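Below: one structure, written as structure tokens.
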Amino acid sequence: MPPPAARAALPRRLPFYYGWVIVAGFFLAGFAAGGPMVFGFSIFIVPMEQELGWSRATLLFPLTLGLVLLTVLSPLLQPLMDRRGWPPIVLTASSILLGVGMILNSRVQEPWQFIVSFGLVSGAGFAAGGGFAHLALVPKWFVRMRARAIAIGSMGTAVSAMVYPLFAEVAINAFGWRTAWVAVGVSSLALLIPISLLMRRAPEDAGLLPDGDTPEKAPERASAAASTAGGAGAQEERSYTPREAARHRTTWLIVGVMVLTAPTLVGLTSNWAAHFRDIGLSSATAAGAVTTYGTFSLLSRFVWGFLVERYHVRPVSIAQALMTALALLTLLFVQNGPMALAYGALQGITLGGALALQPLIWANYYGRRHLGAILGAFQPFASAAMAVSPAGIGLLRDRLGAYEAVFAALLMMWLLAALLLYLARPLPRPGGGAG
């Protein structure tokens, strides 16, 4: 590894702004970590269930455990993203854990082994390597172009929904689910380790400015950004600490939004392929619906990013929440392949918006200097809701015999989230502290 001085100089020697390398890291984390843990995993459920004889809840429990680790480790890992030198260390180590755990899944014979390999080993890697740590990095590198940077980086999860279900389906059909897990793990290691080594905390560490601005043009361009409706640039030079944020009602309303929507973002997406199988659709149709979701989720990021650069993130997020409720309503009426594909398209548009907008709420409301600490303090509430949702939804399905009642409950939670967003007025600027 080159000496620290050489590593610091690398971002200045490139012919393009280094912030886009950070965005690439966010993209690949969502693709090669989020894909196997959520979208790809949903394709493994039925073949593992058939061969091993485990219940749906047993299969989903390790995913829940992994998300519990996310809840526990986030307060420790996210603040490290605010400290110089730590991002490449944390992200490289997490990438290794995630990929190795996936490979170990190929050897499981008993539930406890799957709990260790997928829940503990991969789960520990997913806590940082799944893109969550990058949510504290990307906003540090971008202010004026923050919406488009996060929208582009968040496309990794959309592409993973397009690629990993089909990748897993083809590998399982050709070689069996055990070899398929090895292929998934190797792909994660190959994609995540190199980019993790290139992650850096903030542009100032390399003598750069956010958005790639030059010192001469930065004041002029920041002033132009601040004048736009709801633009992130309006809060470029102001940041809240976790203690300051905790004193405002808006913060807890936002936490409520994240808690209400988290079960859909992970619990629903890890169960819907199995739901389509339950109602008589083929595995190819189920995988195709998830891939359709990924395609439309990918395309929608451009639209959501365009909107939030021109309007405040709050009303755009309210619209997204109401549209998600509508998408869940359509899920209750899916009966055949074309309807499943249509649902996948609509859900991709709406959940793609959530994955692009929710990180912007934290960054635009609270600034960039202490963003890692902010996320470490408040994101675990949503992570806890996320953690219980996969196995919780699977357990409810086992008890009720179907998913429909759960989907109806998720619909109501998105309607309540829209109400909380309406009440979450932007915070007043703090009295001091640079962004």
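In the structure tokens, each chain is lettered A, B, ... as it comes, each chain's residues begin at 1, and ligands are numbered from 1 in order of appearance.
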
Find the residues of stretch 10-120 of chain A that sit at most 9 Å from stretch 371-392 of chain A; for each, write down the nearest two atoms and how far apart they are in Å, to one decimal. Count only C-alpha atoms. Sort by chain, then by number going up, and give it as JSON lines.
{"residue": "A:Arg56", "atom": "CA", "partner": "A:Ala391", "partner_atom": "CA", "distance": 8.0}
{"residue": "A:Ala57", "atom": "CA", "partner": "A:Ala391", "partner_atom": "CA", "distance": 5.2}
{"residue": "A:Thr58", "atom": "CA", "partner": "A:Ala391", "partner_atom": "CA", "distance": 7.6}
{"residue": "A:Leu59", "atom": "CA", "partner": "A:Ala391", "partner_atom": "CA", "distance": 8.0}
{"residue": "A:Leu60", "atom": "CA", "partner": "A:Ala391", "partner_atom": "CA", "distance": 4.8}
{"residue": "A:Phe61", "atom": "CA", "partner": "A:Ala391", "partner_atom": "CA", "distance": 5.1}
{"residue": "A:Pro62", "atom": "CA", "partner": "A:Ala391", "partner_atom": "CA", "distance": 8.3}
{"residue": "A:Leu63", "atom": "CA", "partner": "A:Pro390", "partner_atom": "CA", "distance": 6.8}
{"residue": "A:Thr64", "atom": "CA", "partner": "A:Ala387", "partner_atom": "CA", "distance": 4.7}
{"residue": "A:Leu65", "atom": "CA", "partner": "A:Ala387", "partner_atom": "CA", "distance": 6.8}
{"residue": "A:Gly66", "atom": "CA", "partner": "A:Ala387", "partner_atom": "CA", "distance": 7.3}
{"residue": "A:Leu67", "atom": "CA", "partner": "A:Ala387", "partner_atom": "CA", "distance": 4.2}
{"residue": "A:Val68", "atom": "CA", "partner": "A:Ala387", "partner_atom": "CA", "distance": 5.1}
{"residue": "A:Leu69", "atom": "CA", "partner": "A:Ala387", "partner_atom": "CA", "distance": 8.4}
{"residue": "A:Leu70", "atom": "CA", "partner": "A:Ser383", "partner_atom": "CA", "distance": 6.4}
{"residue": "A:Thr71", "atom": "CA", "partner": "A:Pro380", "partner_atom": "CA", "distance": 4.7}
{"residue": "A:Val72", "atom": "CA", "partner": "A:Pro380", "partner_atom": "CA", "distance": 7.3}
{"residue": "A:Leu73", "atom": "CA", "partner": "A:Pro380", "partner_atom": "CA", "distance": 8.7}
{"residue": "A:Ser74", "atom": "CA", "partner": "A:Gly376", "partner_atom": "CA", "distance": 5.3}
{"residue": "A:Pro75", "atom": "CA", "partner": "A:Gly376", "partner_atom": "CA", "distance": 4.0}
{"residue": "A:Leu76", "atom": "CA", "partner": "A:Gly376", "partner_atom": "CA", "distance": 7.0}
{"residue": "A:Leu77", "atom": "CA", "partner": "A:Gly376", "partner_atom": "CA", "distance": 7.4}
{"residue": "A:Gln78", "atom": "CA", "partner": "A:Gly372", "partner_atom": "CA", "distance": 4.7}
{"residue": "A:Pro79", "atom": "CA", "partner": "A:Ala373", "partner_atom": "CA", "distance": 4.4}
{"residue": "A:Leu80", "atom": "CA", "partner": "A:Gly372", "partner_atom": "CA", "distance": 7.1}
{"residue": "A:Met81", "atom": "CA", "partner": "A:Gly372", "partner_atom": "CA", "distance": 5.6}
{"residue": "A:Asp82", "atom": "CA", "partner": "A:Gly372", "partner_atom": "CA", "distance": 5.6}

If we count only C-alpha atoms and set the cut-off at 6 Å, which residues sit around stretch 129-134 of chain A, ignoring sequence neighbours fewer than 5 positions away in its own chain? Please answer as a PyMOL selection string.
chain A and resi 26+29-30+33-34+78+91+94-95

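Among A:Met145, A:Ile318, A:Leu351, A:Leu329, the residue with the shortest atom-to-atom distance to A:Gly212, counting only C-alpha atoms, is A:Met145.
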
Taking into account only C-alpha atoms, which residue in the set A:Leu427, A:Val303, A:Ala417, A:Leu328 is nearest to A:Arg238?
A:Leu427
